[in-house]
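The block underneath contains the structure these notes are about, expressed in structure tokens.
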Amino acid sequence: MATKTFEASMAELEEVVAQLETGDISLDDSLKLFEKGIKLAKSCQKKLDEAERRVKILTADAEGEMTEEDFGGVEE
């Protein structure tokens with residue numbers, strides 16, 4: 001089974017949340033969806049953590065020291 005992309009996992013998680021929010025499903029189905037949602041959320045977090053590690057590796061200087069830099073274009 002191929003690993004889902006972050007975007008695909010997030011889209012599926014959003015669908016799960018939408019289904020749970022409707023309240024039109026049985027308790028058993030709600031629990032199954034909740035479990036699926038937790039797995040998807042953990043998968044997304046794992047992918048985000050990996051991306052963060054990769055960014056840190058790519059931004060380390062020759063001595064391995066990290067420097068904090070803004071990611072240009074990102075405004076809060």
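Letters for chains follow the order of the structure tokens (A, B, ...), residue numbers begin at 1 for each chain, and ligand numbers begin at 1 in the order shown.
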
Distance query segment 8-14 of chain A at most 7 Å, only C-alpha atoms, self and fewer than 2 positions along chain excluded, as a PyMOL selection string: chain A and resi 4-6+16-18+37+40+44

File of the preceding selection, C-alpha atoms, as a PDB file, in the first residue's frame:
```
ATOM      1  CA  LYS A   4      -0.602   8.868   1.335  1.00  0.00           C
ATOM      2  CA  THR A   5       0.621  12.382   0.856  1.00  0.00           C
ATOM      3  CA  PHE A   6       0.193  14.884   3.652  1.00  0.00           C
ATOM      4  CA  VAL A  16     -13.879  12.280   8.942  1.00  0.00           C
ATOM      5  CA  VAL A  17     -14.369  15.387  11.081  1.00  0.00           C
ATOM      6  CA  ALA A  18     -17.266  16.543   8.901  1.00  0.00           C
ATOM      7  CA  GLY A  37      -9.227  10.265  12.518  1.00  0.00           C
ATOM      8  CA  LEU A  40      -4.746  10.195  10.224  1.00  0.00           C
ATOM      9  CA  CYS A  44      -0.016  14.040   9.487  1.00  0.00           C
TER      10      CYS A  44
END
```

Separation of atom CA of Glu50 of chain A from atom CA of Leu33 of chain A in Å: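 Straight-line distance from atom CA of Leu33 of chain A to atom CA of Glu50 of chain A works out to 25.6 Å.
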
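Atom CA of Thr3 of chain A is found 9.9 Å from atom CA of Ser43 of chain A.
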
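For the pair atom CA of Leu20 of chain A and atom CA of Lys36 of chain A, the interatomic distance is 11.2 Å.
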
Step one, run DSSP on the backbone; step two, keep only residues of chain A assigned to helix (DSSP H, G or I); then write them as an mmCIF file with N, CA and C atoms, in the first residue's frame.
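For reference, out-v5.cif as written:
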```cif
data_model
loop_
_atom_site.group_PDB
_atom_site.id
_atom_site.type_symbol
_atom_site.label_atom_id
_atom_site.label_comp_id
_atom_site.auth_asym_id
_atom_site.auth_seq_id
_atom_site.Cartn_x
_atom_site.Cartn_y
_atom_site.Cartn_z
ATOM 1 N N PHE A 6 0.703 14.089 2.543
ATOM 2 C CA PHE A 6 0.193 14.884 3.652
ATOM 3 C C PHE A 6 -1.159 15.489 3.280
ATOM 4 N N GLU A 7 -1.232 16.030 2.073
ATOM 5 C CA GLU A 7 -2.456 16.685 1.625
ATOM 6 C C GLU A 7 -3.627 15.702 1.549
ATOM 7 N N ALA A 8 -3.360 14.491 1.059
ATOM 8 C CA ALA A 8 -4.419 13.478 0.968
ATOM 9 C C ALA A 8 -4.885 13.063 2.359
ATOM 10 N N SER A 9 -3.946 12.916 3.279
ATOM 11 C CA SER A 9 -4.303 12.550 4.652
ATOM 12 C C SER A 9 -5.116 13.649 5.316
ATOM 13 N N MET A 10 -4.730 14.909 5.099
ATOM 14 C CA MET A 10 -5.476 16.029 5.680
ATOM 15 C C MET A 10 -6.888 16.106 5.105
ATOM 16 N N ALA A 11 -7.013 15.889 3.802
ATOM 17 C CA ALA A 11 -8.333 15.929 3.173
ATOM 18 C C ALA A 11 -9.224 14.823 3.747
ATOM 19 N N GLU A 12 -8.653 13.645 3.926
ATOM 20 C CA GLU A 12 -9.424 12.536 4.492
ATOM 21 C C GLU A 12 -9.800 12.825 5.943
ATOM 22 N N LEU A 13 -8.885 13.413 6.684
ATOM 23 C CA LEU A 13 -9.167 13.785 8.076
ATOM 24 C C LEU A 13 -10.295 14.813 8.135
ATOM 25 N N GLU A 14 -10.296 15.766 7.226
ATOM 26 C CA GLU A 14 -11.367 16.763 7.188
ATOM 27 C C GLU A 14 -12.713 16.096 6.908
ATOM 28 N N GLU A 15 -12.721 15.087 6.036
ATOM 29 C CA GLU A 15 -13.957 14.352 5.752
ATOM 30 C C GLU A 15 -14.450 13.607 6.993
ATOM 31 N N VAL A 16 -13.527 13.000 7.714
ATOM 32 C CA VAL A 16 -13.879 12.280 8.942
ATOM 33 C C VAL A 16 -14.496 13.246 9.950
ATOM 34 N N VAL A 17 -13.865 14.388 10.132
ATOM 35 C CA VAL A 17 -14.369 15.387 11.081
ATOM 36 C C VAL A 17 -15.771 15.853 10.662
ATOM 37 N N ALA A 18 -15.954 16.100 9.388
ATOM 38 C CA ALA A 18 -17.266 16.543 8.901
ATOM 39 C C ALA A 18 -18.335 15.492 9.178
ATOM 40 N N GLN A 19 -17.998 14.221 8.969
ATOM 41 C CA GLN A 19 -18.959 13.146 9.237
ATOM 42 C C GLN A 19 -19.285 13.067 10.718
ATOM 43 N N LEU A 20 -18.265 13.211 11.562
ATOM 44 C CA LEU A 20 -18.495 13.153 13.006
ATOM 45 C C LEU A 20 -19.339 14.339 13.476
ATOM 46 N N GLU A 21 -19.128 15.492 12.868
ATOM 47 C CA GLU A 21 -19.862 16.690 13.281
ATOM 48 C C GLU A 21 -21.346 16.621 12.933
ATOM 49 N N THR A 22 -21.709 15.841 11.932
ATOM 50 C CA THR A 22 -23.119 15.760 11.559
ATOM 51 C C THR A 22 -23.936 15.081 12.645
ATOM 52 N N LEU A 27 -23.192 5.153 17.180
ATOM 53 C CA LEU A 27 -22.067 5.226 18.106
ATOM 54 C C LEU A 27 -20.909 4.372 17.616
ATOM 55 N N ASP A 28 -21.196 3.143 17.167
ATOM 56 C CA ASP A 28 -20.134 2.262 16.670
ATOM 57 C C ASP A 28 -19.414 2.879 15.480
ATOM 58 N N ASP A 29 -20.169 3.434 14.542
ATOM 59 C CA ASP A 29 -19.558 4.067 13.377
ATOM 60 C C ASP A 29 -18.770 5.312 13.788
ATOM 61 N N SER A 30 -19.289 6.038 14.767
ATOM 62 C CA SER A 30 -18.585 7.218 15.269
ATOM 63 C C SER A 30 -17.240 6.824 15.870
ATOM 64 N N LEU A 31 -17.236 5.747 16.647
ATOM 65 C CA LEU A 31 -15.980 5.287 17.243
ATOM 66 C C LEU A 31 -14.978 4.852 16.183
ATOM 67 N N LYS A 32 -15.466 4.156 15.150
ATOM 68 C CA LYS A 32 -14.579 3.734 14.063
ATOM 69 C C LYS A 32 -13.996 4.947 13.344
ATOM 70 N N LEU A 33 -14.846 5.928 13.083
ATOM 71 C CA LEU A 33 -14.372 7.147 12.427
ATOM 72 C C LEU A 33 -13.390 7.901 13.313
ATOM 73 N N PHE A 34 -13.671 7.946 14.611
ATOM 74 C CA PHE A 34 -12.770 8.621 15.539
ATOM 75 C C PHE A 34 -11.401 7.955 15.522
ATOM 76 N N GLU A 35 -11.368 6.619 15.557
ATOM 77 C CA GLU A 35 -10.099 5.886 15.495
ATOM 78 C C GLU A 35 -9.360 6.199 14.200
ATOM 79 N N LYS A 36 -10.095 6.226 13.103
ATOM 80 C CA LYS A 36 -9.492 6.542 11.803
ATOM 81 C C LYS A 36 -8.925 7.961 11.833
ATOM 82 N N GLY A 37 -9.675 8.884 12.423
ATOM 83 C CA GLY A 37 -9.227 10.265 12.518
ATOM 84 C C GLY A 37 -7.961 10.404 13.345
ATOM 85 N N ILE A 38 -7.884 9.677 14.442
ATOM 86 C CA ILE A 38 -6.680 9.711 15.280
ATOM 87 C C ILE A 38 -5.480 9.201 14.492
ATOM 88 N N LYS A 39 -5.651 8.109 13.765
ATOM 89 C CA LYS A 39 -4.553 7.563 12.947
ATOM 90 C C LYS A 39 -4.113 8.565 11.883
ATOM 91 N N LEU A 40 -5.078 9.198 11.246
ATOM 92 C CA LEU A 40 -4.746 10.195 10.224
ATOM 93 C C LEU A 40 -4.023 11.392 10.840
ATOM 94 N N ALA A 41 -4.492 11.851 11.991
ATOM 95 C CA ALA A 41 -3.856 12.989 12.667
ATOM 96 C C ALA A 41 -2.415 12.654 13.051
ATOM 97 N N LYS A 42 -2.194 11.439 13.550
ATOM 98 C CA LYS A 42 -0.837 11.023 13.912
ATOM 99 C C LYS A 42 0.053 10.930 12.681
ATOM 100 N N SER A 43 -0.512 10.430 11.587
ATOM 101 C CA SER A 43 0.234 10.336 10.335
ATOM 102 C C SER A 43 0.630 11.729 9.844
ATOM 103 N N CYS A 44 -0.305 12.670 9.904
ATOM 104 C CA CYS A 44 -0.016 14.040 9.487
ATOM 105 C C CYS A 44 1.053 14.665 10.377
ATOM 106 N N GLN A 45 0.955 14.457 11.675
ATOM 107 C CA GLN A 45 1.942 15.018 12.596
ATOM 108 C C GLN A 45 3.320 14.432 12.323
ATOM 109 N N LYS A 46 3.372 13.138 12.045
ATOM 110 C CA LYS A 46 4.647 12.481 11.734
ATOM 111 C C LYS A 46 5.275 13.099 10.481
ATOM 112 N N LYS A 47 4.443 13.356 9.469
ATOM 113 C CA LYS A 47 4.947 13.957 8.233
ATOM 114 C C LYS A 47 5.431 15.383 8.481
ATOM 115 N N LEU A 48 4.721 16.133 9.313
ATOM 116 C CA LEU A 48 5.155 17.484 9.651
ATOM 117 C C LEU A 48 6.471 17.469 10.425
ATOM 118 N N ASP A 49 6.598 16.535 11.360
ATOM 119 C CA ASP A 49 7.839 16.410 12.127
ATOM 120 C C ASP A 49 9.016 16.074 11.214
ATOM 121 N N GLU A 50 8.792 15.175 10.266
ATOM 122 C CA GLU A 50 9.841 14.803 9.319
ATOM 123 C C GLU A 50 10.233 15.994 8.451
ATOM 124 N N ALA A 51 9.258 16.749 8.005
ATOM 125 C CA ALA A 51 9.543 17.933 7.200
ATOM 126 C C ALA A 51 10.367 18.933 7.999
ATOM 127 N N GLU A 52 10.024 19.101 9.272
ATOM 128 C CA GLU A 52 10.779 20.018 10.130
ATOM 129 C C GLU A 52 12.222 19.561 10.281
ATOM 130 N N ARG A 53 12.425 18.256 10.467
ATOM 131 C CA ARG A 53 13.795 17.733 10.579
ATOM 132 C C ARG A 53 14.577 17.984 9.294
ATOM 133 N N ARG A 54 13.925 17.786 8.162
ATOM 134 C CA ARG A 54 14.598 18.001 6.882
ATOM 135 C C ARG A 54 14.971 19.460 6.692
ATOM 136 N N VAL A 55 14.083 20.371 7.084
ATOM 137 C CA VAL A 55 14.371 21.797 6.967
ATOM 138 C C VAL A 55 15.559 22.149 7.852
ATOM 139 N N LYS A 56 15.593 21.600 9.060
ATOM 140 C CA LYS A 56 16.707 21.884 9.963
ATOM 141 C C LYS A 56 18.025 21.386 9.376
ATOM 142 N N ILE A 57 18.009 20.228 8.775
ATOM 143 C CA ILE A 57 19.223 19.691 8.155
ATOM 144 C C ILE A 57 19.670 20.605 7.011
ATOM 145 N N LEU A 58 18.720 21.035 6.219
ATOM 146 C CA LEU A 58 19.050 21.874 5.071
ATOM 147 C C LEU A 58 19.502 23.273 5.464
ATOM 148 N N THR A 59 19.114 23.746 6.638
ATOM 149 C CA THR A 59 19.480 25.103 7.044
ATOM 150 C C THR A 59 20.663 25.147 8.002
#
```
